[in-house]
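With PDB, C-alpha atoms and all ligand atoms inside, this is target_25.pdb:
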ATOM      1  CA  MET Q   1      86.568 112.387  78.728
ATOM      2  CA  ASN Q   2      85.772 109.706  76.183
ATOM      3  CA  ARG Q   3      85.506 106.471  78.082
ATOM      4  CA  GLY Q   4      86.287 103.366  76.092
ATOM      5  CA  ILE Q   5      87.645 105.320  73.149
ATOM      6  CA  ILE Q   6      91.392 105.549  72.708
ATOM      7  CA  THR Q   7      92.041 109.169  71.839
ATOM      8  CA  THR Q   8      95.822 109.198  72.116
ATOM      9  CA  VAL Q   9      97.695 108.971  68.836
ATOM     10  CA  LYS Q  10     100.575 106.536  69.144
ATOM     11  CA  PRO Q  11     103.872 107.584  67.534
ATOM     12  CA  ASP Q  12     104.722 105.636  64.394
ATOM     13  CA  ILE Q  13     106.563 102.426  65.206
ATOM     14  CA  SER Q  14     107.336 101.526  61.567
ATOM     15  CA  ALA Q  15     110.680 103.367  61.272
ATOM     16  CA  ALA Q  16     111.915 101.690  64.472
ATOM     17  CA  ALA Q  17     110.764  98.255  63.239
ATOM     18  CA  ALA Q  18     112.406  98.827  59.832
ATOM     19  CA  ILE Q  19     115.809  99.816  61.226
ATOM     20  CA  ILE Q  20     115.754  96.754  63.524
ATOM     21  CA  LYS Q  21     114.728  94.488  60.651
ATOM     22  CA  GLY Q  22     117.693  95.603  58.544
ATOM     23  CA  ALA Q  23     120.321  95.066  61.258
ATOM     24  CA  ARG Q  24     122.407  91.969  61.927
ATOM     25  CA  ARG Q  25     124.670  92.893  64.859
ATOM     26  CA  VAL Q  26     123.098  95.200  67.425
ATOM     27  CA  LEU Q  27     124.534  97.041  70.434
ATOM     28  CA  LEU Q  28     121.926  97.742  73.121
ATOM     29  CA  ALA Q  29     122.662 100.467  75.676
ATOM     30  CA  THR Q  30     120.740 101.733  78.663
ATOM     31  CA  HIS Q  31     121.213 104.581  81.119
ATOM     32  CA  LEU Q  32     123.652 104.866  84.019
ATOM     33  CA  GLN Q  33     122.387 103.945  87.499
ATOM     34  CA  PRO Q  34     119.897 101.642  85.786
ATOM     35  CA  ASP Q  35     116.460 101.031  87.296
ATOM     36  CA  GLY Q  36     113.884  98.311  86.675
ATOM     37  CA  ASP Q  37     112.558  99.946  83.505
ATOM     38  CA  ALA Q  38     116.081 100.282  82.083
ATOM     39  CA  ILE Q  39     117.205  96.713  82.788
ATOM     40  CA  GLY Q  40     113.790  95.089  82.210
ATOM     41  CA  SER Q  41     113.289  96.873  78.877
ATOM     42  CA  VAL Q  42     116.804  96.249  77.590
ATOM     43  CA  LEU Q  43     116.670  92.516  78.470
ATOM     44  CA  ALA Q  44     113.237  92.184  76.811
ATOM     45  CA  LEU Q  45     114.437  93.951  73.673
ATOM     46  CA  ASP Q  46     117.536  91.753  73.650
ATOM     47  CA  SER Q  47     115.269  88.649  73.733
ATOM     48  CA  LEU Q  48     113.222  90.026  70.830
ATOM     49  CA  LEU Q  49     116.303  90.702  68.709
ATOM     50  CA  ARG Q  50     117.711  87.252  69.381
ATOM     51  CA  GLN Q  51     114.330  85.713  68.469
ATOM     52  CA  LEU Q  52     114.728  87.594  65.195
ATOM     53  CA  GLY Q  53     118.144  85.966  64.692
ATOM     54  CA  LYS Q  54     120.304  89.011  65.480
ATOM     55  CA  GLU Q  55     123.556  88.994  67.420
ATOM     56  CA  THR Q  56     123.440  91.357  70.388
ATOM     57  CA  VAL Q  57     125.555  92.838  73.169
ATOM     58  CA  ILE Q  58     124.045  94.849  76.043
ATOM     59  CA  VAL Q  59     126.071  97.616  77.710
ATOM     60  CA  CYS Q  60     125.478  99.859  80.701
ATOM     61  CA  GLN Q  61     127.934 102.137  82.465
ATOM     62  CA  ASP Q  62     126.955 100.868  85.919
ATOM     63  CA  PRO Q  63     126.393  97.314  87.150
ATOM     64  CA  VAL Q  64     122.926  95.793  87.451
ATOM     65  CA  PRO Q  65     121.675  96.664  90.971
ATOM     66  CA  GLU Q  66     121.469  93.745  93.381
ATOM     67  CA  SER Q  67     117.675  94.067  93.594
ATOM     68  CA  LEU Q  68     117.434  93.170  89.875
ATOM     69  CA  CYS Q  69     119.802  90.206  89.927
ATOM     70  CA  PHE Q  70     116.808  87.852  90.212
ATOM     71  CA  LEU Q  71     116.078  88.549  86.524
ATOM     72  CA  PRO Q  72     117.002  85.546  84.369
ATOM     73  CA  GLY Q  73     120.064  86.371  82.263
ATOM     74  CA  TRP Q  74     120.880  89.683  84.007
ATOM     75  CA  GLU Q  75     124.558  88.753  83.469
ATOM     76  CA  ARG Q  76     124.071  89.591  79.791
ATOM     77  CA  VAL Q  77     124.333  93.267  80.769
ATOM     78  CA  THR Q  78     128.023  94.174  80.318
ATOM     79  CA  SER Q  79     129.650  97.076  82.136
ATOM     80  CA  ALA Q  80     131.256  99.811  80.017
ATOM     81  CA  ALA Q  81     134.704  98.885  81.406
ATOM     82  CA  LYS Q  82     134.309  95.187  80.538
ATOM     83  CA  PHE Q  83     132.920  96.071  77.106
ATOM     84  CA  ALA Q  84     135.982  98.209  76.371
ATOM     85  CA  SER Q  85     138.276  95.268  77.130
ATOM     86  CA  MET Q  86     136.209  92.783  75.084
ATOM     87  CA  LYS Q  87     137.039  91.695  71.560
ATOM     88  CA  HIS Q  88     133.994  92.251  69.398
ATOM     89  CA  GLY Q  89     133.262  92.920  65.767
ATOM     90  CA  ALA Q  90     131.560  96.012  64.457
ATOM     91  CA  PHE Q  91     127.871  96.604  65.103
ATOM     92  CA  ASP Q  92     125.563  97.856  62.395
ATOM     93  CA  LEU Q  93     122.984  99.308  64.762
ATOM     94  CA  SER Q  94     123.037 100.853  68.264
ATOM     95  CA  ILE Q  95     119.817 101.098  70.270
ATOM     96  CA  SER Q  96     119.442 103.334  73.319
ATOM     97  CA  VAL Q  97     116.777 102.216  75.800
ATOM     98  CA  ASP Q  98     115.100 104.475  78.424
ATOM     99  CA  ALA Q  99     117.741 107.234  78.190
ATOM    100  CA  SER Q 100     116.259 110.740  77.891
ATOM    101  CA  ASP Q 101     119.445 112.327  76.621
ATOM    102  CA  PHE Q 102     122.890 111.331  75.417
ATOM    103  CA  ALA Q 103     124.611 112.118  78.721
ATOM    104  CA  ARG Q 104     122.505 109.419  80.416
ATOM    105  CA  LEU Q 105     124.461 106.790  78.472
ATOM    106  CA  GLY Q 106     127.544 107.856  80.427
ATOM    107  CA  ASP Q 107     130.677 105.923  79.509
ATOM    108  CA  CYS Q 108     128.717 103.908  76.908
ATOM    109  CA  GLY Q 109     128.122 107.015  74.779
ATOM    110  CA  SER Q 110     131.135 106.595  72.510
ATOM    111  CA  SER Q 111     130.338 102.897  71.864
ATOM    112  CA  PHE Q 112     126.766 103.902  71.040
ATOM    113  CA  LEU Q 113     127.994 106.411  68.456
ATOM    114  CA  SER Q 114     130.392 103.969  66.786
ATOM    115  CA  SER Q 115     127.646 102.109  64.870
ATOM    116  CA  PRO Q 116     126.618 103.480  61.454
ATOM    117  CA  GLN Q 117     122.941 103.394  62.454
ATOM    118  CA  SER Q 118     121.174 104.325  65.676
ATOM    119  CA  LEU Q 119     117.751 104.129  67.296
ATOM    120  CA  LYS Q 120     116.466 105.678  70.526
ATOM    121  CA  ILE Q 121     113.520 104.140  72.411
ATOM    122  CA  ASP Q 122     112.259 106.224  75.316
ATOM    123  CA  HIS Q 123     109.274 107.651  77.178
ATOM    124  CA  HIS Q 124     110.700 110.702  78.971
ATOM    125  CA  ALA Q 125     109.651 114.201  78.049
ATOM    126  CA  THR Q 126     112.464 114.230  75.539
ATOM    127  CA  ASN Q 127     115.525 116.427  75.926
ATOM    128  CA  GLY Q 128     117.921 115.296  73.267
ATOM    129  CA  VAL Q 129     117.724 113.875  69.772
ATOM    130  CA  PHE Q 130     120.879 111.768  69.481
ATOM    131  CA  ALA Q 131     119.855 108.900  67.217
ATOM    132  CA  GLN Q 132     118.932 108.688  63.532
ATOM    133  CA  VAL Q 133     115.563 107.204  64.404
ATOM    134  CA  SER Q 134     113.682 108.075  67.599
ATOM    135  CA  TYR Q 135     110.772 106.015  68.851
ATOM    136  CA  VAL Q 136     109.677 108.211  71.744
ATOM    137  CA  ASP Q 137     106.220 108.244  73.323
ATOM    138  CA  GLU Q 138     105.788 110.509  76.339
ATOM    139  CA  GLU Q 139     102.281 109.160  76.901
ATOM    140  CA  VAL Q 140     103.416 105.802  78.231
ATOM    141  CA  ALA Q 141     104.421 105.001  81.805
ATOM    142  CA  ALA Q 142     107.511 102.968  80.955
ATOM    143  CA  THR Q 143     109.874 102.196  78.094
ATOM    144  CA  GLY Q 144     108.729  98.597  78.616
ATOM    145  CA  VAL Q 145     105.357  99.523  77.083
ATOM    146  CA  LEU Q 146     107.172 100.506  73.856
ATOM    147  CA  VAL Q 147     109.236  97.307  73.846
ATOM    148  CA  TYR Q 148     106.004  95.315  74.199
ATOM    149  CA  ARG Q 149     104.671  97.156  71.107
ATOM    150  CA  LEU Q 150     107.760  95.992  69.206
ATOM    151  CA  PHE Q 151     107.010  92.370  70.170
ATOM    152  CA  GLU Q 152     103.515  92.954  68.729
ATOM    153  CA  ALA Q 153     104.879  94.607  65.587
ATOM    154  CA  PHE Q 154     107.127  91.609  64.899
ATOM    155  CA  GLY Q 155     104.549  89.028  66.011
ATOM    156  CA  ALA Q 156     107.218  87.700  68.400
ATOM    157  CA  THR Q 157     106.612  85.367  71.344
ATOM    158  CA  ILE Q 158     106.316  86.663  74.910
ATOM    159  CA  THR Q 159     108.230  83.952  76.769
ATOM    160  CA  GLN Q 160     108.040  83.667  80.547
ATOM    161  CA  ASP Q 161     111.425  85.418  80.851
ATOM    162  CA  VAL Q 162     110.185  88.279  78.670
ATOM    163  CA  ALA Q 163     107.046  88.505  80.831
ATOM    164  CA  ILE Q 164     109.270  88.913  83.926
ATOM    165  CA  TYR Q 165     111.385  91.579  82.165
ATOM    166  CA  LEU Q 166     108.407  93.613  81.003
ATOM    167  CA  TYR Q 167     106.584  93.284  84.324
ATOM    168  CA  THR Q 168     109.750  94.616  85.979
ATOM    169  CA  ALA Q 169     109.749  97.599  83.608
ATOM    170  CA  LEU Q 170     106.033  98.390  83.907
ATOM    171  CA  SER Q 171     105.736  97.938  87.659
ATOM    172  CA  THR Q 172     108.939  99.855  88.467
ATOM    173  CA  ASP Q 173     108.016 103.045  86.638
ATOM    174  CA  THR Q 174     104.481 103.026  88.088
ATOM    175  CA  GLY Q 175     105.600 102.395  91.690
ATOM    176  CA  ASN Q 176     103.955  98.966  91.625
ATOM    177  CA  PHE Q 177     100.919 100.365  89.778
ATOM    178  CA  SER Q 178     100.267 103.336  92.021
ATOM    179  CA  PHE Q 179     101.347 106.379  89.940
ATOM    180  CA  GLY Q 180     102.372 107.451  86.443
ATOM    181  CA  LYS Q 181     100.612 107.096  83.118
ATOM    182  CA  MET Q 182      98.571 103.978  83.765
ATOM    183  CA  THR Q 183      96.399 103.279  80.762
ATOM    184  CA  GLU Q 184      94.167 100.570  79.389
ATOM    185  CA  GLU Q 185      97.035  99.592  77.077
ATOM    186  CA  LEU Q 186      99.384  99.048  80.034
ATOM    187  CA  PHE Q 187      96.918  96.669  81.686
ATOM    188  CA  SER Q 188      96.226  94.856  78.383
ATOM    189  CA  GLN Q 189      99.948  94.261  78.187
ATOM    190  CA  MET Q 190      99.933  93.038  81.798
ATOM    191  CA  ALA Q 191      97.145  90.588  80.892
ATOM    192  CA  ALA Q 192      99.318  89.238  78.055
ATOM    193  CA  LEU Q 193     102.255  88.865  80.462
ATOM    194  CA  MET Q 194     100.011  86.871  82.823
ATOM    195  CA  LYS Q 195      99.047  84.684  79.864
ATOM    196  CA  ALA Q 196     102.778  83.974  79.426
ATOM    197  CA  ASP Q 197     102.869  82.566  83.003
ATOM    198  CA  LEU Q 198     104.318  85.609  84.741
ATOM    199  CA  PRO Q 199     105.102  84.557  88.345
ATOM    200  CA  ILE Q 200     103.761  87.901  89.559
ATOM    201  CA  ALA Q 201     103.718  87.266  93.327
ATOM    202  CA  ALA Q 202     107.317  86.033  93.405
ATOM    203  CA  ALA Q 203     108.517  88.860  91.156
ATOM    204  CA  ALA Q 204     106.563  91.498  93.130
ATOM    205  CA  ARG Q 205     108.165  90.243  96.323
ATOM    206  CA  GLN Q 206     111.663  90.605  94.824
ATOM    207  CA  LEU Q 207     110.973  93.997  93.285
ATOM    208  CA  HIS Q 208     108.693  95.786  95.695
ATOM    209  CA  LEU Q 209     108.614  94.069  99.072
ATOM    210  CA  VAL Q 210     112.018  92.679 100.010
ATOM    211  CA  LYS Q 211     114.467  95.269 101.397
ATOM    212  CA  GLN Q 212     118.126  95.061 102.334
ATOM    213  CA  PRO Q 213     118.856  94.857 106.081
ATOM    214  CA  ALA Q 214     120.881  98.096 105.770
ATOM    215  CA  TYR Q 215     117.795  99.870 104.390
ATOM    216  CA  ILE Q 216     115.703  98.689 107.355
ATOM    217  CA  ARG Q 217     118.380  99.860 109.821
ATOM    218  CA  LEU Q 218     118.495 103.250 108.119
ATOM    219  CA  LEU Q 219     114.696 103.490 107.951
ATOM    220  CA  THR Q 220     114.413 102.825 111.692
ATOM    221  CA  ARG Q 221     116.874 105.637 112.407
ATOM    222  CA  ALA Q 222     115.159 107.931 109.884
ATOM    223  CA  LEU Q 223     111.674 107.438 111.319
ATOM    224  CA  ASP Q 224     113.045 108.105 114.792
ATOM    225  CA  SER Q 225     114.062 111.569 113.559
ATOM    226  CA  LEU Q 226     110.690 112.364 111.958
ATOM    227  CA  ALA Q 227     109.278 115.701 113.107
ATOM    228  CA  TYR Q 228     106.064 117.562 112.260
ATOM    229  CA  LEU Q 229     106.081 121.253 111.301
ATOM    230  CA  SER Q 230     103.418 123.684 110.004
ATOM    231  CA  GLY Q 231     100.711 122.217 112.242
ATOM    232  CA  GLY Q 232     101.294 118.706 110.907
ATOM    233  CA  LYS Q 233     101.240 119.581 107.195
ATOM    234  CA  LEU Q 234     105.013 119.419 106.799
ATOM    235  CA  THR Q 235     107.396 116.731 107.998
ATOM    236  CA  ARG Q 236     111.145 116.357 107.999
ATOM    237  CA  ILE Q 237     113.481 113.412 108.304
ATOM    238  CA  LEU Q 238     117.176 113.836 109.135
ATOM    239  CA  LEU Q 239     120.035 111.460 108.353
ATOM    240  CA  ARG Q 240     123.441 112.511 109.619
ATOM    241  CA  ASP Q 241     126.825 111.263 108.581
ATOM    242  CA  SER Q 242     127.082 109.380 111.892
ATOM    243  CA  ASP Q 243     123.835 107.499 111.130
ATOM    244  CA  PHE Q 244     125.400 106.049 107.993
ATOM    245  CA  SER Q 245     128.669 105.123 109.698
ATOM    246  CA  ASP Q 246     126.953 103.697 112.837
ATOM    247  CA  LEU Q 247     124.658 101.539 110.711
ATOM    248  CA  ASP Q 248     127.176 100.538 108.059
ATOM    249  CA  ALA Q 249     124.861 101.943 105.382
ATOM    250  CA  ASN Q 250     125.389 104.176 102.348
ATOM    251  CA  MET Q 251     123.475 106.950 100.558
ATOM    252  CA  GLU Q 252     122.040 104.598  97.941
ATOM    253  CA  GLN Q 253     120.349 102.632 100.688
ATOM    254  CA  ALA Q 254     118.451 105.772 101.722
ATOM    255  CA  GLU Q 255     116.589 105.687  98.383
ATOM    256  CA  GLY Q 256     112.828 105.842  98.929
ATOM    257  CA  ILE Q 257     112.978 106.799 102.615
ATOM    258  CA  VAL Q 258     111.761 110.339 101.856
ATOM    259  CA  ASN Q 259     108.356 108.935 100.861
ATOM    260  CA  PHE Q 260     107.661 107.834 104.431
ATOM    261  CA  GLY Q 261     107.525 111.490 105.428
ATOM    262  CA  LEU Q 262     104.869 112.286 102.817
ATOM    263  CA  ASN Q 263     102.624 109.257 103.078
ATOM    264  CA  ILE Q 264     101.087 110.221 106.409
ATOM    265  CA  ARG Q 265      97.493 111.419 106.722
ATOM    266  CA  GLY Q 266      97.304 115.222 106.743
ATOM    267  CA  VAL Q 267     100.846 115.747 105.444
ATOM    268  CA  LYS Q 268     101.221 117.907 102.310
ATOM    269  CA  ALA Q 269     105.005 118.113 101.958
ATOM    270  CA  THR Q 270     108.173 116.646 103.379
ATOM    271  CA  PHE Q 271     111.909 116.813 103.156
ATOM    272  CA  LEU Q 272     114.743 114.441 103.880
ATOM    273  CA  ALA Q 273     118.042 116.092 104.823
ATOM    274  CA  THR Q 274     121.135 113.937 104.366
ATOM    275  CA  GLU Q 275     124.585 114.977 105.531
ATOM    276  CA  THR Q 276     127.153 114.335 102.782
ATOM    277  CA  SER Q 277     130.726 115.403 102.114
ATOM    278  CA  GLU Q 278     129.452 117.901  99.494
ATOM    279  CA  GLY Q 279     127.002 119.567 101.871
ATOM    280  CA  VAL Q 280     123.503 118.842 103.116
ATOM    281  CA  LYS Q 281     121.473 117.088 100.442
ATOM    282  CA  PHE Q 282     117.717 117.705 100.440
ATOM    283  CA  SER Q 283     115.060 115.521  98.850
ATOM    284  CA  LEU Q 284     111.704 117.273  98.684
ATOM    285  CA  ARG Q 285     108.256 115.770  98.048
ATOM    286  CA  SER Q 286     104.786 117.318  97.984
ATOM    287  CA  LEU Q 287     101.169 116.811  97.019
ATOM    288  CA  PRO Q 288      99.310 119.210  94.675
ATOM    289  CA  PRO Q 289      98.961 122.177  94.772
ATOM    290  CA  TYR Q 290     102.310 122.557  96.581
ATOM    291  CA  ASP Q 291     105.348 123.034  94.357
ATOM    292  CA  VAL Q 292     108.582 121.924  96.019
ATOM    293  CA  SER Q 293     110.625 122.678  92.893
ATOM    294  CA  ARG Q 294     110.350 126.346  93.982
ATOM    295  CA  ALA Q 295     112.160 125.552  97.221
ATOM    296  CA  ALA Q 296     114.754 123.446  95.417
ATOM    297  CA  THR Q 297     115.382 126.195  92.846
ATOM    298  CA  HIS Q 298     115.611 128.833  95.602
ATOM    299  CA  PHE Q 299     118.550 126.892  97.066
ATOM    300  CA  GLY Q 300     120.241 126.249  93.724
ATOM    301  CA  GLY Q 301     118.727 122.838  92.890
ATOM    302  CA  GLY Q 302     115.830 121.765  90.732
ATOM    303  CA  GLY Q 303     113.468 118.987  89.740
ATOM    304  CA  HIS Q 304     109.753 118.439  89.298
ATOM    305  CA  VAL Q 305     106.781 120.141  90.949
ATOM    306  CA  LEU Q 306     106.134 117.244  93.339
ATOM    307  CA  ALA Q 307     109.666 115.813  93.629
ATOM    308  CA  ALA Q 308     112.773 117.988  93.720
ATOM    309  CA  GLY Q 309     116.164 118.284  95.351
ATOM    310  CA  CYS Q 310     119.075 120.563  96.199
ATOM    311  CA  THR Q 311     122.268 120.735  98.231
ATOM    312  CA  ILE Q 312     123.009 123.454 100.791
ATOM    313  CA  SER Q 313     126.676 123.913 101.687
ATOM    314  CA  LYS Q 314     126.225 124.930 105.340
ATOM    315  CA  PRO Q 315     126.565 123.140 108.684
ATOM    316  CA  PHE Q 316     123.838 120.498 109.060
ATOM    317  CA  ASP Q 317     121.615 122.252 111.637
ATOM    318  CA  GLU Q 318     121.856 125.593 109.843
ATOM    319  CA  ALA Q 319     120.916 124.078 106.472
ATOM    320  CA  VAL Q 320     117.968 122.196 108.006
ATOM    321  CA  ALA Q 321     116.747 125.416 109.683
ATOM    322  CA  MET Q 322     116.943 127.278 106.349
ATOM    323  CA  MET Q 323     114.912 124.637 104.515
ATOM    324  CA  SER Q 324     112.396 124.296 107.344
ATOM    325  CA  ALA Q 325     111.816 128.065 107.393
ATOM    326  CA  TYR Q 326     111.385 128.232 103.613
ATOM    327  CA  LEU Q 327     108.875 125.398 103.470
ATOM    328  CA  GLU Q 328     106.990 126.581 106.553
ATOM    329  CA  GLY Q 329     106.513 129.873 104.702
ATOM    330  CA  MET Q 330     105.113 128.006 101.702
ATOM    331  CA  ILE Q 331     102.904 125.528 103.543
ATOM    332  CA  THR Q 332     100.664 127.452 105.904
TER     333      THR Q 332
HETATM  334 MN    MN E 401     111.584 104.570  82.365
END

Would you give me this structure, written as structure tokens?
Amino acid sequence: MNRGIITTVKPDISAAAAIIKGARRVLLATHLQPDGDAIGSVLALDSLLRQLGKETVIVCQDPVPESLCFLPGWERVTSAAKFASMKHGAFDLSISVDASDFARLGDCGSSFLSSPQSLKIDHHATNGVFAQVSYVDEEVAATGVLVYRLFEAFGATITQDVAIYLYTALSTDTGNFSFGKMTEELFSQMAALMKADLPIAAAARQLHLVKQPAYIRLLTRALDSLAYLSGGKLTRILLRDSDFSDLDANMEQAEGIVNFGLNIRGVKATFLATETSEGVKFSLRSLPPYDVSRAATHFGGGGHVLAAGCTISKPFDEAVAMMSAYLEGMIT
């Protein structure tokens, strides 16, 4: 490995910069069930375009999650339903932010397509080409890194608000700087955000530390159910329908709980089984060399090597026994 030498070739930003430069009214869209990279990147790009004197509207199928409502100006993100009822003139450019394929735009897809010109900015291993110009770089941890490059390309100012937006994007997609494609460039960008007076401790608290009371209630119940299998190398966590109703919690609030099963010394893989109306939903996690996507695929689901999922339409205990047996066979 060449230390100190940047060997990665960055995709050409000039076509993206040119199409932005030529536009006057721009529609910005991000993916459904938006996360910190989606909302942070789209708000930062919106600030850039307005600095450049453009008129903008931001749309997203789903509302901004409560955990991101500390971001200044989050109200600028319009829901697809509200957008449809709004009176607005034509746009000359649509920009998709952090959406790997067209379906991820959800109900905003048709609005996206109604502009004569389109640009896609994304960092996922790309599935779909759906814009005239694509600025896609799979080598970066977050779409926010690409939006920062656009600020550089235009020589635009990183205001404190922009610093908060881009920090939100970068820290979300790296799990608060603990996984993903963390590069020298990402930390150079972070240094520039600090220079713009990023209130990092306050923002980190909002983004990564503070949890909803319902999440804590659910986590307590979940950890109570934690069991060790395969001589301590495999764990499982169970959340039944009654746990959600007893605790006045919903499925979304269970997000992230699966990781508690994996982040225990000696554990190589884990699963969280959640009882839902569609069947028993499994979230699977593992450490290399274990491939939980095999288990997910075996039961009709899919995903990545280290993070996968599936649903088994059987009674809860039966489904849990099936998954336990499969993973015990894999992790010996
Ligand atoms: Mn992202």

Next item on the list: Residues within 12 Å of ligand MN 401 (chain E) should be enumerated using only C-alpha atoms and all ligand atoms and returned as a PyMOL selection string.
Entry: chain Q and resi 30-31+33-42+97-100+121-126+136-147+166+168-175+180-181

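Relative to atom CA of Phe271 of chain Q, atom CA of Ile216 of chain Q is found at 19.0 Å.
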
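Nearest to Ala153 of chain Q of all the residues Q:Ser14, Q:Tyr326, Q:Gly89, Q:Ser225 is Q:Ser14, counting all atoms listed in the file.
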
Next item on the list: Report as a ChimeraX atom specification the residues that result from applying the PyMOL selection byres (((chain Q and resi 93) around 6) and not hetatm) to the structure here.
Entry: /Q:26,91-92,94,115,117-118

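Among the candidates Q:Leu193, Q:Gln212, Q:Ile13, Q:Ser111, the one nearest to Phe154 of chain Q when counting only C-alpha atoms is Q:Ile13.
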
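Residue nearest Arg294 of chain Q within the list Q:Leu327, Q:Val133, Q:Leu272, Q:Val258: Q:Leu327 [criterion: smallest interatomic distance, all atoms listed in the file].
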
Checklist line | Distance query Gly231 of chain Q at most 10 Å, all atoms listed in the file, self and fewer than 4 positions along chain excluded, as an NGL selection string | finding: :Q and (235 or 266-267 or 328 or 331-332)

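With distances restricted to all atoms listed in the file, Q:Cys310 is the closest residue to Val280 of chain Q from Q:Cys310, Q:Leu27, Q:Ile200, Q:Ala131.
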
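Atom CA of Leu105 of chain Q sits 19.1 Å away from atom CA of Ala90 of chain Q.
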
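Minimum atom-to-atom distances from Q:Ile257, Q:Met330, Q:Ala222, Q:Asp241 to Ala269 of chain Q were compared using all atoms listed in the file, and the lowest value belongs to Q:Met330.
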
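When atom CA of Leu71 of chain Q is paired with atom CA of Asp248 of chain Q, their separation reads 27.0 Å.
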